[in-house]
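See below for the structure under consideration.
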Amino acid sequence: MTPLILALLFLLALLGMPLFVALAGAALTLVRDMELDPAVLVIELNRLASSPNLIAIPLFTFAGVVMAAGGAPQRLVRLFYAAFGRMPGGIASVALGACAFFTAFSGASGITILALGGLLYPILQKCGYPERFSLGLLTTSGSIGLLFPPSLAVLVYGIVAGVNINELFLAGIVPGTLLLILLVAFNSLRARRLMLPRRSCTLEEFRKALIHGMAELLMPPLIILGIFGGFVTVTEAAACTVVYVLVVEALIFRTIRLREQLFPLLRETCILVGSILAILGVAMGLINLLIDAQIPDQLLGWVERHVDSRMLFLLVLNLTLLLVGAMMDIFSAIVVIVPLLLPLAARYGIDPVHLGVIVLANLEIGYNTPPVGINLFIASQRFGQPIFSLFRATLPFLAIMLLWLGLVTWIPSLSLWWK
């Protein structure tokens, strides 16, 4: 009976039932089958709630929501447009840089595509970029900032895996920058081949754009300096970021009216964060049951019998994670898969920080692959295009991301450069 119920829950999840409901149903089914008290599922919630870094998730999310509502995406695009419009493929590079910057703060590729897609798409079209290229670029760009601090995906991985958040933030900088460089190089080659015109910018235009965009541009270095300089913890950095963003948007630019917009912005934040915490809570309870049932030990034994080298394990790991990324959203995948992967990775001598970069890189690619690639669904809604057409448009960018994944996987020093 239990396998039938679990199979039914899996099928319902594929058909659209909220994932946390499916996970909770699976956990309760296993509790009944193992004749345990359902209270064991709540124990993990207590551990989750006591995590010192948990409060950083809603704080950084709120900062991203306020930035989106306050016009930060438009100011960043204007600044990057003025700075890089003259280079080959400059406008496409502006799209990449702006999306990566905003995804790192919003923590959700969907917000990036919705907030920046409508702004950048007509600009790319006006500059002569083909429609398929523009759609593929903007769909892919929705998730390329997930490795940069203060990414919510990095925070969730650190909480689930018990890894130092500061080390994870450091580990993501070089791989994330490398991906941007590869994509910018591809854009430049494509622009040269199409002989697209470059945009000239006067010094006065750049000065005005810099004045308007400087406040947002300073945030990443200030966060990195505060955390790695030992001045603030991750949670304190998140609180400072919220105050900083509110001052910039409400007092300096006055694009946010706190009296009228504060509660709607808080409600939007609660919806985004609530879904993450619901998945975290029920999934960690389910994982605790699997650990009690010695599932990780059995999985480790199977891998040791069939995988005889570190190289082969990394290949199997990537293929598995790409499949998981195509079936689950990134936060669900982190919570469900990472506890099972940690003992396997340790067996083959893979640093948990390096493992985190590999996991996030794979799931970042999974945002753009069917059947559950969230970027494809959101871009389809935003641009009014069929999902399959958008997937075909992303293929050149996915090829570059797969090349990047190989480099990140088999060159650990890219992630552990700071050690």
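Every chain in the structure tokens has a letter given in the order shown (A, B, ...), and although residue numbers restart at 1 in each chain, ligands are simply numbered from 1 in the order shown.
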
Contact residues around stretch 401-418 of chain A with only C-alpha atoms at 7 Å, ignoring same-chain residues under 4 positions, as a list in words: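 Result of the neighbour search: Ala171, Gly172, Val174, Pro175, Leu179, His354, Val357, Ile358, Ala361, Ile365 and Phe397 of chain A.
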
Selection file, C-alpha atoms, as a PDB file, in the first residue's frame:
ATOM      1  CA  ALA A 171      33.230  29.972  -3.536  1.00  0.00           C
ATOM      2  CA  GLY A 172      30.570  31.274  -5.916  1.00  0.00           C
ATOM      3  CA  VAL A 174      34.872  32.979  -9.488  1.00  0.00           C
ATOM      4  CA  PRO A 175      32.538  30.367 -11.076  1.00  0.00           C
ATOM      5  CA  LEU A 179      29.993  32.074 -16.615  1.00  0.00           C
ATOM      6  CA  HIS A 354      32.808  22.590  -3.892  1.00  0.00           C
ATOM      7  CA  VAL A 357      28.853  25.059  -6.283  1.00  0.00           C
ATOM      8  CA  ILE A 358      28.356  21.905  -8.394  1.00  0.00           C
ATOM      9  CA  ALA A 361      25.428  25.135 -11.116  1.00  0.00           C
ATOM     10  CA  ILE A 365      20.892  24.982 -15.734  1.00  0.00           C
ATOM     11  CA  PHE A 397      23.298  29.386 -24.094  1.00  0.00           C
TER      12      PHE A 397
END

Sorted by chain and rising residue number, list the residues of stretch 62-157 of chain A at most 9 Å from stretch 319-331 of chain A (counting only C-alpha atoms), each with its closest atom pair and distance in Å to one decimal, as a tab-separated table.
residue	atom	partner	partner_atom	distance
A:Leu152	CA	A:Phe331	CA	8.9
A:Ala153	CA	A:Phe331	CA	6.7
A:Val156	CA	A:Phe331	CA	7.2
A:Tyr157	CA	A:Phe331	CA	8.4

Could you name the residues that touch A:Phe169 at 10 Å or less, counting only C-alpha atoms, but leaving out those on the same chain fewer than 6 positions away, as a PDB file with N, CA and C atoms, in the first residue's frame?
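Contents of the output file part_1.pdb:
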ATOM      1  N   LEU A 147      24.815  32.225  -8.069  1.00  0.00           N
ATOM      2  CA  LEU A 147      26.012  31.913  -7.287  1.00  0.00           C
ATOM      3  C   LEU A 147      26.597  33.138  -6.588  1.00  0.00           C
ATOM      4  N   PHE A 148      26.117  34.320  -6.931  1.00  0.00           N
ATOM      5  CA  PHE A 148      26.671  35.537  -6.348  1.00  0.00           C
ATOM      6  C   PHE A 148      25.997  35.866  -5.020  1.00  0.00           C
ATOM      7  N   PRO A 149      26.772  36.381  -4.043  1.00  0.00           N
ATOM      8  CA  PRO A 149      26.140  36.826  -2.799  1.00  0.00           C
ATOM      9  C   PRO A 149      25.241  38.020  -3.069  1.00  0.00           C
ATOM     10  N   PRO A 150      24.100  38.129  -2.365  1.00  0.00           N
ATOM     11  CA  PRO A 150      23.620  37.267  -1.267  1.00  0.00           C
ATOM     12  C   PRO A 150      22.521  36.297  -1.726  1.00  0.00           C
ATOM     13  N   SER A 151      22.806  35.453  -2.689  1.00  0.00           N
ATOM     14  CA  SER A 151      21.821  34.558  -3.289  1.00  0.00           C
ATOM     15  C   SER A 151      21.095  33.701  -2.251  1.00  0.00           C
ATOM     16  N   VAL A 154      22.185  29.989  -2.252  1.00  0.00           N
ATOM     17  CA  VAL A 154      23.407  29.738  -1.480  1.00  0.00           C
ATOM     18  C   VAL A 154      23.082  29.648   0.008  1.00  0.00           C
ATOM     19  N   LEU A 155      22.221  30.544   0.475  1.00  0.00           N
ATOM     20  CA  LEU A 155      21.830  30.526   1.889  1.00  0.00           C
ATOM     21  C   LEU A 155      21.126  29.219   2.249  1.00  0.00           C
ATOM     22  N   GLY A 158      23.594  26.342   2.390  1.00  0.00           N
ATOM     23  CA  GLY A 158      24.412  26.410   3.601  1.00  0.00           C
ATOM     24  C   GLY A 158      23.662  25.936   4.829  1.00  0.00           C
ATOM     25  N   ILE A 224      29.910  42.310   0.664  1.00  0.00           N
ATOM     26  CA  ILE A 224      31.097  41.450   0.713  1.00  0.00           C
ATOM     27  C   ILE A 224      32.109  41.990   1.712  1.00  0.00           C
ATOM     28  N   ILE A 227      30.786  41.369   5.361  1.00  0.00           N
ATOM     29  CA  ILE A 227      30.813  39.983   5.825  1.00  0.00           C
ATOM     30  C   ILE A 227      32.239  39.474   5.968  1.00  0.00           C
ATOM     31  N   PHE A 228      33.033  39.630   4.898  1.00  0.00           N
ATOM     32  CA  PHE A 228      34.374  39.042   4.911  1.00  0.00           C
ATOM     33  C   PHE A 228      35.389  39.907   5.646  1.00  0.00           C
ATOM     34  N   VAL A 353      31.920  22.512   0.190  1.00  0.00           N
ATOM     35  CA  VAL A 353      31.760  23.820  -0.443  1.00  0.00           C
ATOM     36  C   VAL A 353      31.797  23.672  -1.961  1.00  0.00           C
ATOM     37  N   VAL A 357      28.763  24.362  -4.997  1.00  0.00           N
ATOM     38  CA  VAL A 357      28.853  25.059  -6.283  1.00  0.00           C
ATOM     39  C   VAL A 357      28.388  24.143  -7.418  1.00  0.00           C
ATOM     40  N   SER A 415      36.350  26.948  -7.365  1.00  0.00           N
ATOM     41  CA  SER A 415      35.459  27.162  -6.223  1.00  0.00           C
ATOM     42  C   SER A 415      36.226  27.356  -4.922  1.00  0.00           C
TER      43      SER A 415
END

Could you go through stretch 181-374 of chain A and tell me which residues DSSP, when run on the backbone, assigns to alpha helix (DSSP H), listing them as a PyMOL selection string? chain A and resi 181-194+203-217+219-228+234-246+258-292+295-306+310-327+330-347+352-366+374

Have a look at A:Leu183, A:Leu266, A:Ala82, A:Val242 and name the one nearest to A:Cys201; count only C-alpha atoms. A:Ala82

Determine, counting only C-alpha atoms, which protein, DNA and RNA residues have an atom within 12 Å of an atom of A:Ile123; residues of the same chain fewer than 4 positions away are not included. Present the result as number ranges by chain. A: 77-78, 81, 85, 90-92, 94-95, 116-119, 127-131, 134, 138, 199

Rank A:Leu390, A:Met67, A:Val335, A:Ile350 by their smallest atom-to-atom distance to A:Thr369, using only C-alpha atoms, and report the top residue only.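 Checking each of A:Leu390, A:Met67, A:Val335, A:Ile350 against A:Thr369, counting only C-alpha atoms, the winner is A:Leu390.
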
So, with only C-alpha atoms as the atoms that count, which of A:Val184, A:Cys99, A:Leu246, A:Ile400 lies closest to A:Ser141?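 Answer, going by the shortest atom-to-atom distance: A:Cys99.
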
Near-A:Ala239 list (12 Å; only C-alpha atoms; drop same-chain fewer than 3 positions) as a PyMOL selection string: chain A and resi 53+55-63+223+226+232-236+242-246

Take the residues just selected and output them with C-alpha atoms as a PDB file, in the first residue's frame.
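The result, stored in selection05.pdb:
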ATOM      1  CA  ASN A  53      21.191  32.271   9.192  1.00  0.00           C
ATOM      2  CA  ILE A  55      16.400  35.178   9.186  1.00  0.00           C
ATOM      3  CA  ALA A  56      18.681  36.329   6.349  1.00  0.00           C
ATOM      4  CA  ILE A  57      16.364  34.689   3.807  1.00  0.00           C
ATOM      5  CA  PRO A  58      13.284  36.910   4.375  1.00  0.00           C
ATOM      6  CA  LEU A  59      15.444  40.004   4.851  1.00  0.00           C
ATOM      7  CA  PHE A  60      17.330  39.651   1.564  1.00  0.00           C
ATOM      8  CA  THR A  61      14.079  38.697  -0.188  1.00  0.00           C
ATOM      9  CA  PHE A  62      12.380  41.839   1.110  1.00  0.00           C
ATOM     10  CA  ALA A  63      15.326  43.949  -0.087  1.00  0.00           C
ATOM     11  CA  ILE A 223      27.928  43.366   1.591  1.00  0.00           C
ATOM     12  CA  GLY A 226      31.007  43.785   5.667  1.00  0.00           C
ATOM     13  CA  VAL A 232      28.836  41.974  10.354  1.00  0.00           C
ATOM     14  CA  THR A 233      27.397  38.469  10.223  1.00  0.00           C
ATOM     15  CA  VAL A 234      25.303  37.294   7.272  1.00  0.00           C
ATOM     16  CA  THR A 235      22.092  38.058   9.174  1.00  0.00           C
ATOM     17  CA  GLU A 236      23.325  41.509  10.189  1.00  0.00           C
ATOM     18  CA  VAL A 242      17.073  46.232   4.039  1.00  0.00           C
ATOM     19  CA  VAL A 243      17.711  49.553   5.789  1.00  0.00           C
ATOM     20  CA  TYR A 244      20.004  50.683   2.966  1.00  0.00           C
ATOM     21  CA  VAL A 245      17.453  49.785   0.270  1.00  0.00           C
ATOM     22  CA  LEU A 246      14.595  51.486   2.125  1.00  0.00           C
TER      23      LEU A 246
END

Using Å and a single decimal, report how far atom CA of A:Gln74 sits from atom CA of A:Phe206.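 Computing the Euclidean distance for atom CA of A:Phe206 and atom CA of A:Gln74 yields 14.5 Å.
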
Need the shell around A:Gly89: protein/DNA/RNA residues with any atom at most 6 Å away, counting only C-alpha atoms. Skip same-chain ones fewer than 6 positions apart. Format as a tab-separated table (two decimals) with C-alpha atoms, in the first residue's frame?
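Saved file result.tsv follows:
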chain	number	residue	atom	x	y	z
A	187	ASN	CA	27.42	37.65	-27.33
A	188	SER	CA	30.35	39.65	-28.71
A	191	ALA	CA	27.20	40.69	-32.58
